[in-house]
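For reference, the structure discussed in these notes is given below.
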Amino acid sequence: MLNFNIHVPTRIRFGRGKIADLGEEILNYGDKVLLVYGGGSIKRSGLYDQVLQIFQDNGIDHVELSGVQPNPKISSVRQGAALCKEHDVQLVLAVGGGSTIDCAKIIAAGARYDGDAWDFFTCKARISDALPVGTVLTLAATGSEMNPNAVINNDDTEQKLGTGSPLLYPRFSILDPEYSFTVSPEQTAAGTVDIMSHIFEQYFSPTPGTLVQNRLAEAMLKTCIHYGPIALAQPDNYEARANLMWTSSLALNGILGAGKRTDWATHDIEHEISALYDVTHGLGLAILIPYWMHYVLDEQTAPRLAEYARNVWEIDESEDIAAARAGIRKTAEFFKSMNLAGSLSEIGVEAERLAEMAEKATSQGPLGAFRKLEYQDVLNILQAAYDGNIFDALKNA
Ligand code: NZQ
Ligand code: ZN
C-alpha cells in the first residue's frame, strides 16, 4: 500500500426527511443563496417547493440558475458565477444530480475569480478560492456530493474536461433516497453503472497489498449488482435506493483509491464520447467497460480480473484467464439486463470520429495505470465498442 492523506470534510445528512436540516446548514454560511438546478425534475417531484418553503421559513434570500443540462455546459457556469457576483451570494446550493452539482462547484470557484471559469480546466488558472457549496442529491451516480471534482463541457471547443480542488468539497450534502424514486429507468441503470465504474477504476490497480480497499470495493460492487435491478423493477423501493445512494458517495469519496495507483482510462475515453455526442455518462461507460476489460486482459492482469470474477460473480474456475473471461461476460450480461445499449454504433457515434476521440484522449500522454493505453490501444477499444461483439469476442478468445 502507498502512503496517502485523506480528509473528506463533507457533512452527510442521510435519510428520509433530512431536508429539514437544510435551513440550519445554509445559515452556517450566510442567508444569500444561489439555487442551482436542472431541467425541471425537482419541480415535478415537489422538491423545489419544499426548498423554497425552507428558504422562507429561515429568512434565506435566493437567486436561481435553472436549466443546467446533463453534461453541464461552461455557459451555465458563466451565468451562475455572474449571478453570484451581482447578488453577493454566500453559498451555492445544488439540488439535483451530478451535472447540477458539478456546475455549482465551478460556479462557486468562478464567483471568486476575475477571469473566465474555463481557465480552471485548461490549467490557465488554479482554483484558489471558492464560495461554499451545499447539495441536495436526487440521483445516485457520480459521487460528486462527497468529492472535490467537477466535469464540464465546452461546446465551442468540443471538450469535456475535469478539475478538482479541496475547496470544492460540498460543505454538506443532504441524501434522502426518496428523492431518487422518480429517476427514470435509463438514468437508474446508467447511474448504477457509473458507480460500478468508479469502483472498477480504483479496484483494478497495479499496487499490491491493498486487501482492505479491494474487499470494500467488492462489497460495493455486489451492492450495485443486487440493488440496481431492484431499483429498476420497484422505483420506490427505499432500501434499494438508499443502498445505491450511499454506495455512490462511498465509491468516489477517496476511500477506495487511497494508497493505490488508480486507472481512470475508461472514464477518460467516455468523456471524449460525451464531449462530442451528449451521451449519458453511465451509458457510455456501460458500453466501454466490457471492451476495456477484454482489451487489458493478459497474463499480467489476469489474476486481478480473475479475483473480480471469483469474489464478485462467484465464478468457480481455477484458471485465471478463463475466470477473468467469465467475469467479463457476467459484467456485459448484467449491463444488458438493465437495458443498456451494447455498442457505440447503436447510440449514434460515428465510425469516422473514433480516431479523433482516441487522439484527444491520449493528447496528454498514455491513459491508465492497470495497463497503460497508447493512442492505438484506445482506438482499438473504441473500434471494438463501436462494433459491439463482446459475446463473440469472449467466445472466440
Ligand atoms: O435536469 P433534471 O430535470 O433535474 O433531470 C435530470 C437529468 O435529465 C434527471 N434527474 C436527476 N434527478 C432526478 C432526475 N429525474 C427524475 N427524478 C430525479 N430525482 O437525470 C438526468 C441526468 O442528470 P445528471 O445530473 O446529468 O446525471 P448524473 O448524476 O449521472 O451526472 C452526470 C454528470 O456528472 C459527471 C458526468 O461526466 C456527467 O457530466 N461526472 C462527475 C463526476 C464527479 N464530479 O466526481 C464523476 C463522474 O465520473 C462523472 O464524470
Ligand atoms: Zn463516472
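So you can find residues: chains in the C-alpha cells are A, B, ... in the order shown, residues in each start at 1, and ligands are numbered from 1 in order.
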Using only C-alpha atoms and all ligand atoms, tabulate the residues of chain A lying at most 8 Å from any atom of ligand 2, each with its closest atom pair and that distance in Å to one decimal, by chain and increasing residue number, as CSV.
```
residue,atom,partner,partner_atom_place_in_ligand_line,distance
A:Ala141,CA,ligand 2,1 (Zn),7.3
A:Thr142,CA,ligand 2,1 (Zn),5.4
A:Asp194,CA,ligand 2,1 (Zn),4.7
A:Ile195,CA,ligand 2,1 (Zn),6.8
A:Ser197,CA,ligand 2,1 (Zn),6.4
A:His198,CA,ligand 2,1 (Zn),5.9
A:His267,CA,ligand 2,1 (Zn),6.3
A:His281,CA,ligand 2,1 (Zn),6.6
A:Gly282,CA,ligand 2,1 (Zn),6.6
A:Leu285,CA,ligand 2,1 (Zn),7.7
```
Write the residues you've just listed into a file as a compact mmCIF listing (two decimals), in the first residue's frame, and include N, CA, C and O atoms for each of them.
```txt
# COMPACT_ATOMS: atom_id res chain seq x y z
N ALA A 141 -25.20 8.37 -8.54
CA ALA A 141 -24.34 8.04 -9.68
C ALA A 141 -22.90 8.51 -9.47
O ALA A 141 -21.99 7.71 -9.27
N THR A 142 -22.71 9.83 -9.51
CA THR A 142 -21.34 10.36 -9.71
C THR A 142 -20.48 10.41 -8.46
O THR A 142 -19.26 10.45 -8.55
N ASP A 194 -22.32 3.86 -13.50
CA ASP A 194 -21.33 4.89 -13.16
C ASP A 194 -20.69 4.57 -11.80
O ASP A 194 -19.47 4.63 -11.64
N ILE A 195 -21.53 4.20 -10.83
CA ILE A 195 -21.00 3.84 -9.51
C ILE A 195 -20.03 2.66 -9.66
O ILE A 195 -18.91 2.68 -9.15
N SER A 197 -18.39 1.74 -12.23
CA SER A 197 -17.19 2.13 -12.96
C SER A 197 -16.19 2.86 -12.05
O SER A 197 -14.98 2.63 -12.13
N HIS A 198 -16.71 3.70 -11.16
CA HIS A 198 -15.80 4.38 -10.21
C HIS A 198 -15.08 3.33 -9.35
O HIS A 198 -13.90 3.47 -9.03
N HIS A 267 -12.98 6.13 -17.95
CA HIS A 267 -13.60 7.45 -17.81
C HIS A 267 -13.02 8.45 -18.81
O HIS A 267 -13.75 9.24 -19.41
N HIS A 281 -23.43 9.81 -19.39
CA HIS A 281 -22.11 9.32 -18.96
C HIS A 281 -22.12 7.82 -18.62
O HIS A 281 -21.29 7.05 -19.12
N GLY A 282 -23.08 7.39 -17.81
CA GLY A 282 -23.12 5.99 -17.37
C GLY A 282 -23.40 5.03 -18.52
O GLY A 282 -22.94 3.88 -18.51
N LEU A 285 -20.18 4.55 -20.37
CA LEU A 285 -19.32 3.65 -19.59
C LEU A 285 -19.76 2.20 -19.75
O LEU A 285 -18.94 1.29 -19.89
```
Can you pull out the residues contacting region 86-96 of chain A? Cut-off 8 Å, using only C-alpha atoms, and skip same-chain residues under 2 positions away; I want them as a PDB file with all heavy atoms, in the first residue's frame.
```
ATOM      1  N   ILE A  26     -27.565  25.869   5.749  1.00  0.00           N
ATOM      2  CA  ILE A  26     -27.290  27.062   4.942  1.00  0.00           C
ATOM      3  C   ILE A  26     -26.869  28.227   5.841  1.00  0.00           C
ATOM      4  O   ILE A  26     -25.901  28.943   5.550  1.00  0.00           O
ATOM      5  CB  ILE A  26     -28.530  27.450   4.106  1.00  0.00           C
ATOM      6  CG1 ILE A  26     -28.770  26.402   3.022  1.00  0.00           C
ATOM      7  CG2 ILE A  26     -28.346  28.840   3.472  1.00  0.00           C
ATOM      8  CD1 ILE A  26     -30.073  26.591   2.250  1.00  0.00           C
ATOM      9  N   TYR A  29     -23.458  29.471   6.733  1.00  0.00           N
ATOM     10  CA  TYR A  29     -22.601  30.179   5.757  1.00  0.00           C
ATOM     11  C   TYR A  29     -23.152  31.530   5.341  1.00  0.00           C
ATOM     12  O   TYR A  29     -22.449  32.310   4.722  1.00  0.00           O
ATOM     13  CB  TYR A  29     -22.411  29.283   4.511  1.00  0.00           C
ATOM     14  CG  TYR A  29     -21.858  27.944   4.905  1.00  0.00           C
ATOM     15  CD1 TYR A  29     -22.691  26.852   5.103  1.00  0.00           C
ATOM     16  CD2 TYR A  29     -20.498  27.796   5.182  1.00  0.00           C
ATOM     17  CE1 TYR A  29     -22.198  25.638   5.543  1.00  0.00           C
ATOM     18  CE2 TYR A  29     -19.992  26.582   5.625  1.00  0.00           C
ATOM     19  CZ  TYR A  29     -20.848  25.514   5.805  1.00  0.00           C
ATOM     20  OH  TYR A  29     -20.342  24.328   6.259  1.00  0.00           O
ATOM     21  N   GLY A  30     -24.411  31.791   5.630  1.00  0.00           N
ATOM     22  CA  GLY A  30     -24.993  33.068   5.239  1.00  0.00           C
ATOM     23  C   GLY A  30     -26.454  32.906   4.898  1.00  0.00           C
ATOM     24  O   GLY A  30     -27.012  31.807   5.012  1.00  0.00           O
ATOM     25  N   ASP A  31     -27.073  34.001   4.453  1.00  0.00           N
ATOM     26  CA  ASP A  31     -28.511  33.921   4.143  1.00  0.00           C
ATOM     27  C   ASP A  31     -28.808  34.361   2.712  1.00  0.00           C
ATOM     28  O   ASP A  31     -29.915  34.727   2.380  1.00  0.00           O
ATOM     29  CB  ASP A  31     -29.325  34.735   5.160  1.00  0.00           C
ATOM     30  CG  ASP A  31     -28.912  36.203   5.179  1.00  0.00           C
ATOM     31  OD1 ASP A  31     -28.059  36.594   4.344  1.00  0.00           O
ATOM     32  OD2 ASP A  31     -29.432  36.954   6.024  1.00  0.00           O
ATOM     33  N   LYS A  32     -27.759  34.301   1.853  1.00  0.00           N
ATOM     34  CA  LYS A  32     -27.971  34.648   0.441  1.00  0.00           C
ATOM     35  C   LYS A  32     -27.458  33.501  -0.422  1.00  0.00           C
ATOM     36  O   LYS A  32     -26.253  33.219  -0.462  1.00  0.00           O
ATOM     37  CB  LYS A  32     -27.185  35.948   0.140  1.00  0.00           C
ATOM     38  CG  LYS A  32     -27.495  36.564  -1.180  1.00  0.00           C
ATOM     39  CD  LYS A  32     -28.839  37.285  -1.143  1.00  0.00           C
ATOM     40  CE  LYS A  32     -29.386  37.585  -2.505  1.00  0.00           C
ATOM     41  NZ  LYS A  32     -29.345  38.969  -2.870  1.00  0.00           N
ATOM     42  N   VAL A  33     -28.382  32.843  -1.095  1.00  0.00           N
ATOM     43  CA  VAL A  33     -28.057  31.580  -1.768  1.00  0.00           C
ATOM     44  C   VAL A  33     -28.289  31.683  -3.275  1.00  0.00           C
ATOM     45  O   VAL A  33     -29.257  32.313  -3.705  1.00  0.00           O
ATOM     46  CB  VAL A  33     -28.970  30.455  -1.187  1.00  0.00           C
ATOM     47  CG1 VAL A  33     -28.917  29.203  -2.014  1.00  0.00           C
ATOM     48  CG2 VAL A  33     -28.604  30.162   0.258  1.00  0.00           C
ATOM     49  N   LEU A  34     -27.392  31.035  -4.050  1.00  0.00           N
ATOM     50  CA  LEU A  34     -27.725  30.765  -5.454  1.00  0.00           C
ATOM     51  C   LEU A  34     -28.239  29.331  -5.511  1.00  0.00           C
ATOM     52  O   LEU A  34     -27.499  28.386  -5.195  1.00  0.00           O
ATOM     53  CB  LEU A  34     -26.497  30.913  -6.365  1.00  0.00           C
ATOM     54  CG  LEU A  34     -26.774  30.516  -7.833  1.00  0.00           C
ATOM     55  CD1 LEU A  34     -27.686  31.529  -8.523  1.00  0.00           C
ATOM     56  CD2 LEU A  34     -25.481  30.345  -8.633  1.00  0.00           C
ATOM     57  N   LEU A  35     -29.491  29.162  -5.906  1.00  0.00           N
ATOM     58  CA  LEU A  35     -30.083  27.828  -6.056  1.00  0.00           C
ATOM     59  C   LEU A  35     -29.861  27.377  -7.505  1.00  0.00           C
ATOM     60  O   LEU A  35     -30.308  28.040  -8.441  1.00  0.00           O
ATOM     61  CB  LEU A  35     -31.583  27.902  -5.740  1.00  0.00           C
ATOM     62  CG  LEU A  35     -32.419  26.656  -6.060  1.00  0.00           C
ATOM     63  CD1 LEU A  35     -31.963  25.460  -5.250  1.00  0.00           C
ATOM     64  CD2 LEU A  35     -33.907  26.930  -5.796  1.00  0.00           C
ATOM     65  N   VAL A  36     -29.145  26.251  -7.659  1.00  0.00           N
ATOM     66  CA  VAL A  36     -28.817  25.736  -8.993  1.00  0.00           C
ATOM     67  C   VAL A  36     -29.574  24.431  -9.202  1.00  0.00           C
ATOM     68  O   VAL A  36     -29.532  23.538  -8.346  1.00  0.00           O
ATOM     69  CB  VAL A  36     -27.293  25.472  -9.108  1.00  0.00           C
ATOM     70  CG1 VAL A  36     -26.941  24.984 -10.510  1.00  0.00           C
ATOM     71  CG2 VAL A  36     -26.495  26.730  -8.778  1.00  0.00           C
ATOM     72  N   TYR A  37     -30.274  24.314 -10.329  1.00  0.00           N
ATOM     73  CA  TYR A  37     -30.961  23.050 -10.627  1.00  0.00           C
ATOM     74  C   TYR A  37     -31.046  22.823 -12.128  1.00  0.00           C
ATOM     75  O   TYR A  37     -30.627  23.671 -12.921  1.00  0.00           O
ATOM     76  CB  TYR A  37     -32.329  22.963  -9.940  1.00  0.00           C
ATOM     77  CG  TYR A  37     -33.312  24.074 -10.281  1.00  0.00           C
ATOM     78  CD1 TYR A  37     -34.312  23.864 -11.241  1.00  0.00           C
ATOM     79  CD2 TYR A  37     -33.267  25.300  -9.646  1.00  0.00           C
ATOM     80  CE1 TYR A  37     -35.230  24.846 -11.547  1.00  0.00           C
ATOM     81  CE2 TYR A  37     -34.182  26.302  -9.951  1.00  0.00           C
ATOM     82  CZ  TYR A  37     -35.154  26.073 -10.899  1.00  0.00           C
ATOM     83  OH  TYR A  37     -36.060  27.058 -11.200  1.00  0.00           O
ATOM     84  N   GLY A  38     -31.590  21.662 -12.482  1.00  0.00           N
ATOM     85  CA  GLY A  38     -31.554  21.227 -13.883  1.00  0.00           C
ATOM     86  C   GLY A  38     -32.790  21.600 -14.670  1.00  0.00           C
ATOM     87  O   GLY A  38     -33.322  22.712 -14.562  1.00  0.00           O
ATOM     88  N   ILE A  42     -36.912  18.601 -10.361  1.00  0.00           N
ATOM     89  CA  ILE A  42     -37.195  18.953  -8.951  1.00  0.00           C
ATOM     90  C   ILE A  42     -38.510  19.711  -8.811  1.00  0.00           C
ATOM     91  O   ILE A  42     -39.095  19.736  -7.735  1.00  0.00           O
ATOM     92  CB  ILE A  42     -36.027  19.721  -8.273  1.00  0.00           C
ATOM     93  CG1 ILE A  42     -35.838  21.125  -8.838  1.00  0.00           C
ATOM     94  CG2 ILE A  42     -34.740  18.919  -8.329  1.00  0.00           C
ATOM     95  CD1 ILE A  42     -35.015  22.034  -7.912  1.00  0.00           C
ATOM     96  N   VAL A  63     -31.308  33.657  -5.292  1.00  0.00           N
ATOM     97  CA  VAL A  63     -31.447  33.837  -6.737  1.00  0.00           C
ATOM     98  C   VAL A  63     -31.304  32.448  -7.349  1.00  0.00           C
ATOM     99  O   VAL A  63     -30.810  31.528  -6.691  1.00  0.00           O
ATOM    100  CB  VAL A  63     -30.380  34.796  -7.329  1.00  0.00           C
ATOM    101  CG1 VAL A  63     -30.742  36.234  -7.093  1.00  0.00           C
ATOM    102  CG2 VAL A  63     -28.989  34.495  -6.818  1.00  0.00           C
ATOM    103  N   ALA A  82     -21.712  34.879 -12.681  1.00  0.00           N
ATOM    104  CA  ALA A  82     -22.106  36.295 -12.802  1.00  0.00           C
ATOM    105  C   ALA A  82     -23.211  36.626 -11.799  1.00  0.00           C
ATOM    106  O   ALA A  82     -23.194  37.682 -11.161  1.00  0.00           O
ATOM    107  CB  ALA A  82     -22.567  36.587 -14.236  1.00  0.00           C
ATOM    108  N   LEU A  83     -24.171  35.702 -11.641  1.00  0.00           N
ATOM    109  CA  LEU A  83     -25.251  35.931 -10.669  1.00  0.00           C
ATOM    110  C   LEU A  83     -24.696  36.051  -9.245  1.00  0.00           C
ATOM    111  O   LEU A  83     -25.133  36.894  -8.461  1.00  0.00           O
ATOM    112  CB  LEU A  83     -26.265  34.773 -10.716  1.00  0.00           C
ATOM    113  CG  LEU A  83     -27.244  34.766 -11.883  1.00  0.00           C
ATOM    114  CD1 LEU A  83     -28.009  33.439 -11.936  1.00  0.00           C
ATOM    115  CD2 LEU A  83     -28.240  35.937 -11.748  1.00  0.00           C
ATOM    116  N   CYS A  84     -23.736  35.197  -8.923  1.00  0.00           N
ATOM    117  CA  CYS A  84     -23.128  35.240  -7.574  1.00  0.00           C
ATOM    118  C   CYS A  84     -22.474  36.592  -7.323  1.00  0.00           C
ATOM    119  O   CYS A  84     -22.616  37.179  -6.245  1.00  0.00           O
ATOM    120  CB  CYS A  84     -22.071  34.152  -7.411  1.00  0.00           C
ATOM    121  SG  CYS A  84     -22.755  32.511  -7.301  1.00  0.00           S
ATOM    122  N   GLY A  98     -25.452  14.813 -10.638  1.00  0.00           N
ATOM    123  CA  GLY A  98     -24.041  15.171 -10.753  1.00  0.00           C
ATOM    124  C   GLY A  98     -23.804  16.397 -11.623  1.00  0.00           C
ATOM    125  O   GLY A  98     -22.919  17.214 -11.331  1.00  0.00           O
ATOM    126  N   SER A  99     -24.590  16.538 -12.685  1.00  0.00           N
ATOM    127  CA  SER A  99     -24.374  17.682 -13.575  1.00  0.00           C
ATOM    128  C   SER A  99     -24.634  18.995 -12.849  1.00  0.00           C
ATOM    129  O   SER A  99     -23.859  19.955 -12.970  1.00  0.00           O
ATOM    130  CB  SER A  99     -25.281  17.584 -14.806  1.00  0.00           C
ATOM    131  OG  SER A  99     -24.935  16.449 -15.569  1.00  0.00           O
ATOM    132  N   THR A 100     -25.725  19.025 -12.100  1.00  0.00           N
ATOM    133  CA  THR A 100     -26.072  20.236 -11.346  1.00  0.00           C
ATOM    134  C   THR A 100     -25.003  20.516 -10.275  1.00  0.00           C
ATOM    135  O   THR A 100     -24.584  21.660 -10.079  1.00  0.00           O
ATOM    136  CB  THR A 100     -27.466  20.048 -10.711  1.00  0.00           C
ATOM    137  OG1 THR A 100     -28.415  19.944 -11.767  1.00  0.00           O
ATOM    138  CG2 THR A 100     -27.842  21.200  -9.818  1.00  0.00           C
ATOM    139  N   ILE A 101     -24.570  19.469  -9.607  1.00  0.00           N
ATOM    140  CA  ILE A 101     -23.580  19.649  -8.535  1.00  0.00           C
ATOM    141  C   ILE A 101     -22.240  20.122  -9.128  1.00  0.00           C
ATOM    142  O   ILE A 101     -21.615  21.057  -8.616  1.00  0.00           O
ATOM    143  CB  ILE A 101     -23.395  18.350  -7.729  1.00  0.00           C
ATOM    144  CG1 ILE A 101     -24.726  17.944  -7.071  1.00  0.00           C
ATOM    145  CG2 ILE A 101     -22.303  18.518  -6.672  1.00  0.00           C
ATOM    146  CD1 ILE A 101     -24.697  16.599  -6.348  1.00  0.00           C
ATOM    147  N   ALA A 104     -22.488  23.681 -10.061  1.00  0.00           N
ATOM    148  CA  ALA A 104     -22.484  24.538  -8.863  1.00  0.00           C
ATOM    149  C   ALA A 104     -21.075  24.710  -8.311  1.00  0.00           C
ATOM    150  O   ALA A 104     -20.685  25.799  -7.859  1.00  0.00           O
ATOM    151  CB  ALA A 104     -23.402  23.929  -7.799  1.00  0.00           C
ATOM    152  N   LYS A 105     -20.283  23.641  -8.347  1.00  0.00           N
ATOM    153  CA  LYS A 105     -18.911  23.724  -7.813  1.00  0.00           C
ATOM    154  C   LYS A 105     -18.075  24.740  -8.589  1.00  0.00           C
ATOM    155  O   LYS A 105     -17.349  25.542  -8.005  1.00  0.00           O
ATOM    156  CB  LYS A 105     -18.236  22.344  -7.887  1.00  0.00           C
ATOM    157  CG  LYS A 105     -18.747  21.341  -6.868  1.00  0.00           C
ATOM    158  CD  LYS A 105     -18.076  19.977  -7.117  1.00  0.00           C
ATOM    159  CE  LYS A 105     -18.457  18.957  -6.054  1.00  0.00           C
ATOM    160  NZ  LYS A 105     -17.900  17.622  -6.361  1.00  0.00           N
ATOM    161  N   ILE A 107     -19.227  27.142 -10.515  1.00  0.00           N
ATOM    162  CA  ILE A 107     -19.806  28.476 -10.279  1.00  0.00           C
ATOM    163  C   ILE A 107     -19.184  29.059  -9.008  1.00  0.00           C
ATOM    164  O   ILE A 107     -18.790  30.232  -8.967  1.00  0.00           O
ATOM    165  CB  ILE A 107     -21.345  28.386 -10.128  1.00  0.00           C
ATOM    166  CG1 ILE A 107     -21.996  28.113 -11.486  1.00  0.00           C
ATOM    167  CG2 ILE A 107     -21.907  29.664  -9.503  1.00  0.00           C
ATOM    168  CD1 ILE A 107     -23.492  27.817 -11.405  1.00  0.00           C
ATOM    169  N   ALA A 108     -19.096  28.217  -7.969  1.00  0.00           N
ATOM    170  CA  ALA A 108     -18.572  28.692  -6.679  1.00  0.00           C
ATOM    171  C   ALA A 108     -17.126  29.182  -6.820  1.00  0.00           C
ATOM    172  O   ALA A 108     -16.729  30.181  -6.208  1.00  0.00           O
ATOM    173  CB  ALA A 108     -18.654  27.574  -5.643  1.00  0.00           C
ATOM    174  N   LEU A 131     -16.702  29.990  -3.195  1.00  0.00           N
ATOM    175  CA  LEU A 131     -17.821  30.081  -2.257  1.00  0.00           C
ATOM    176  C   LEU A 131     -18.109  28.675  -1.721  1.00  0.00           C
ATOM    177  O   LEU A 131     -17.844  27.687  -2.408  1.00  0.00           O
ATOM    178  CB  LEU A 131     -19.075  30.591  -2.988  1.00  0.00           C
ATOM    179  CG  LEU A 131     -19.102  32.051  -3.405  1.00  0.00           C
ATOM    180  CD1 LEU A 131     -20.328  32.301  -4.296  1.00  0.00           C
ATOM    181  CD2 LEU A 131     -19.138  32.951  -2.175  1.00  0.00           C
ATOM    182  N   PRO A 132     -18.692  28.568  -0.534  1.00  0.00           N
ATOM    183  CA  PRO A 132     -19.108  27.241  -0.068  1.00  0.00           C
ATOM    184  C   PRO A 132     -20.232  26.681  -0.940  1.00  0.00           C
ATOM    185  O   PRO A 132     -21.055  27.434  -1.458  1.00  0.00           O
ATOM    186  CB  PRO A 132     -19.578  27.485   1.365  1.00  0.00           C
ATOM    187  CG  PRO A 132     -19.722  28.947   1.531  1.00  0.00           C
ATOM    188  CD  PRO A 132     -18.962  29.639   0.451  1.00  0.00           C
ATOM    189  N   VAL A 133     -20.219  25.353  -1.089  1.00  0.00           N
ATOM    190  CA  VAL A 133     -21.247  24.656  -1.875  1.00  0.00           C
ATOM    191  C   VAL A 133     -21.982  23.684  -0.952  1.00  0.00           C
ATOM    192  O   VAL A 133     -21.351  23.029  -0.111  1.00  0.00           O
ATOM    193  CB  VAL A 133     -20.584  23.849  -3.018  1.00  0.00           C
ATOM    194  CG1 VAL A 133     -21.612  22.988  -3.760  1.00  0.00           C
ATOM    195  CG2 VAL A 133     -19.881  24.779  -3.993  1.00  0.00           C
ATOM    196  N   GLY A 134     -23.304  23.600  -1.107  1.00  0.00           N
ATOM    197  CA  GLY A 134     -24.082  22.562  -0.431  1.00  0.00           C
ATOM    198  C   GLY A 134     -24.883  21.822  -1.481  1.00  0.00           C
ATOM    199  O   GLY A 134     -25.124  22.356  -2.574  1.00  0.00           O
ATOM    200  N   THR A 135     -25.273  20.577  -1.198  1.00  0.00           N
ATOM    201  CA  THR A 135     -26.048  19.836  -2.196  1.00  0.00           C
ATOM    202  C   THR A 135     -27.237  19.113  -1.574  1.00  0.00           C
ATOM    203  O   THR A 135     -27.205  18.702  -0.414  1.00  0.00           O
ATOM    204  CB  THR A 135     -25.191  18.782  -2.959  1.00  0.00           C
ATOM    205  OG1 THR A 135     -25.199  17.539  -2.254  1.00  0.00           O
ATOM    206  CG2 THR A 135     -23.764  19.231  -3.170  1.00  0.00           C
ATOM    207  N   VAL A 136     -28.271  18.977  -2.403  1.00  0.00           N
ATOM    208  CA  VAL A 136     -29.375  18.056  -2.111  1.00  0.00           C
ATOM    209  C   VAL A 136     -29.385  17.106  -3.304  1.00  0.00           C
ATOM    210  O   VAL A 136     -29.694  17.505  -4.432  1.00  0.00           O
ATOM    211  CB  VAL A 136     -30.734  18.791  -1.992  1.00  0.00           C
ATOM    212  CG1 VAL A 136     -31.851  17.799  -1.694  1.00  0.00           C
ATOM    213  CG2 VAL A 136     -30.673  19.878  -0.923  1.00  0.00           C
ATOM    214  N   LEU A 137     -29.010  15.869  -3.069  1.00  0.00           N
ATOM    215  CA  LEU A 137     -28.796  14.912  -4.165  1.00  0.00           C
ATOM    216  C   LEU A 137     -30.114  14.254  -4.580  1.00  0.00           C
ATOM    217  O   LEU A 137     -30.899  13.844  -3.725  1.00  0.00           O
ATOM    218  CB  LEU A 137     -27.808  13.839  -3.701  1.00  0.00           C
ATOM    219  CG  LEU A 137     -27.425  12.786  -4.730  1.00  0.00           C
ATOM    220  CD1 LEU A 137     -26.621  13.398  -5.868  1.00  0.00           C
ATOM    221  CD2 LEU A 137     -26.613  11.658  -4.072  1.00  0.00           C
ATOM    222  N   THR A 138     -30.310  14.123  -5.900  1.00  0.00           N
ATOM    223  CA  THR A 138     -31.547  13.468  -6.365  1.00  0.00           C
ATOM    224  C   THR A 138     -31.271  12.237  -7.229  1.00  0.00           C
ATOM    225  O   THR A 138     -32.213  11.582  -7.665  1.00  0.00           O
ATOM    226  CB  THR A 138     -32.419  14.454  -7.189  1.00  0.00           C
ATOM    227  OG1 THR A 138     -31.694  14.833  -8.373  1.00  0.00           O
ATOM    228  CG2 THR A 138     -32.785  15.689  -6.385  1.00  0.00           C
ATOM    229  N   LEU A 139     -30.009  11.939  -7.517  1.00  0.00           N
ATOM    230  CA  LEU A 139     -29.694  10.821  -8.416  1.00  0.00           C
ATOM    231  C   LEU A 139     -28.394  10.175  -7.946  1.00  0.00           C
ATOM    232  O   LEU A 139     -27.385  10.866  -7.802  1.00  0.00           O
ATOM    233  CB  LEU A 139     -29.524  11.387  -9.844  1.00  0.00           C
ATOM    234  CG  LEU A 139     -29.544  10.483 -11.061  1.00  0.00           C
ATOM    235  CD1 LEU A 139     -29.535  11.324 -12.335  1.00  0.00           C
ATOM    236  CD2 LEU A 139     -28.436   9.483 -11.125  1.00  0.00           C
TER     237      LEU A 139
END
```
Test item: residues at most 9 Å from Arg11 (chain A), only C-alpha atoms, excluding those fewer than 5 positions along its chain, as a tab-separated table (two decimals) with all heavy atoms, in the first residue's frame:
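Resulting contents of part12.tsv:
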```tsv
chain	number	residue	atom	x	y	z
A	146	MET	N	-19.88	14.12	-2.55
A	146	MET	CA	-18.92	13.93	-1.44
A	146	MET	C	-17.48	13.95	-1.96
A	146	MET	O	-16.61	13.34	-1.36
A	146	MET	CB	-19.23	12.60	-0.75
A	146	MET	CG	-18.75	12.50	0.67
A	146	MET	SD	-19.29	10.92	1.41
A	146	MET	CE	-18.48	11.05	2.99
A	170	PRO	N	-18.34	19.69	-1.25
A	170	PRO	CA	-19.53	20.27	-0.65
A	170	PRO	C	-19.37	20.34	0.87
A	170	PRO	O	-18.81	19.42	1.48
A	170	PRO	CB	-20.64	19.28	-1.04
A	170	PRO	CG	-20.14	18.62	-2.28
A	170	PRO	CD	-18.65	18.53	-2.11
A	171	ARG	N	-19.83	21.44	1.46
A	171	ARG	CA	-19.73	21.55	2.93
A	171	ARG	C	-20.74	20.61	3.57
A	171	ARG	O	-20.52	20.10	4.65
A	171	ARG	CB	-20.01	22.98	3.38
A	171	ARG	CG	-19.13	24.04	2.73
A	171	ARG	CD	-17.67	23.85	3.12
A	171	ARG	NE	-16.83	24.79	2.38
A	171	ARG	CZ	-16.45	25.99	2.84
A	171	ARG	NH1	-16.80	26.37	4.05
A	171	ARG	NH2	-15.70	26.77	2.09
A	172	PHE	N	-21.88	20.43	2.90
A	172	PHE	CA	-22.87	19.47	3.38
A	172	PHE	C	-23.60	18.88	2.18
A	172	PHE	O	-23.69	19.52	1.12
A	172	PHE	CB	-23.88	20.15	4.33
A	172	PHE	CG	-24.71	21.23	3.69
A	172	PHE	CD1	-25.89	20.93	3.03
A	172	PHE	CD2	-24.30	22.55	3.74
A	172	PHE	CE1	-26.64	21.92	2.42
A	172	PHE	CE2	-25.05	23.56	3.14
A	172	PHE	CZ	-26.23	23.24	2.47
A	173	SER	N	-24.07	17.66	2.35
A	173	SER	CA	-24.91	17.04	1.33
A	173	SER	C	-26.07	16.33	2.00
A	173	SER	O	-25.86	15.54	2.92
A	173	SER	CB	-24.10	16.05	0.48
A	173	SER	OG	-23.31	16.75	-0.46
A	174	ILE	N	-27.25	16.66	1.52
A	174	ILE	CA	-28.46	16.03	2.05
A	174	ILE	C	-28.82	14.88	1.11
A	174	ILE	O	-29.05	15.10	-0.09
A	174	ILE	CB	-29.59	17.06	2.20
A	174	ILE	CG1	-29.16	18.04	3.31
A	174	ILE	CG2	-30.93	16.39	2.51
A	174	ILE	CD1	-30.07	19.19	3.55
```
Selection near region 347-359 of chain A, 6 Å with only C-alpha atoms, sequence-local residues under 6 positions removed, as a short mmCIF file (atom, residue, chain, number, x, y, z; two decimals) with N, CA, C and O atoms, in the first residue's frame:
```cif
data_model
loop_
_atom_site.label_atom_id
_atom_site.label_comp_id
_atom_site.auth_asym_id
_atom_site.auth_seq_id
_atom_site.Cartn_x
_atom_site.Cartn_y
_atom_site.Cartn_z
N GLU A 272 -14.51 11.65 -23.80
CA GLU A 272 -14.37 12.07 -25.20
C GLU A 272 -15.67 11.79 -25.97
O GLU A 272 -16.05 12.55 -26.86
N TYR A 375 -2.37 5.70 -27.93
CA TYR A 375 -3.38 6.07 -28.92
C TYR A 375 -4.01 4.84 -29.61
O TYR A 375 -5.22 4.70 -29.67
N VAL A 378 -6.32 2.79 -27.42
CA VAL A 378 -7.61 3.45 -27.20
C VAL A 378 -8.49 3.32 -28.46
O VAL A 378 -9.69 3.02 -28.37
N LEU A 379 -7.87 3.51 -29.60
CA LEU A 379 -8.61 3.37 -30.86
C LEU A 379 -9.15 1.94 -31.00
O LEU A 379 -10.30 1.73 -31.40
#
```
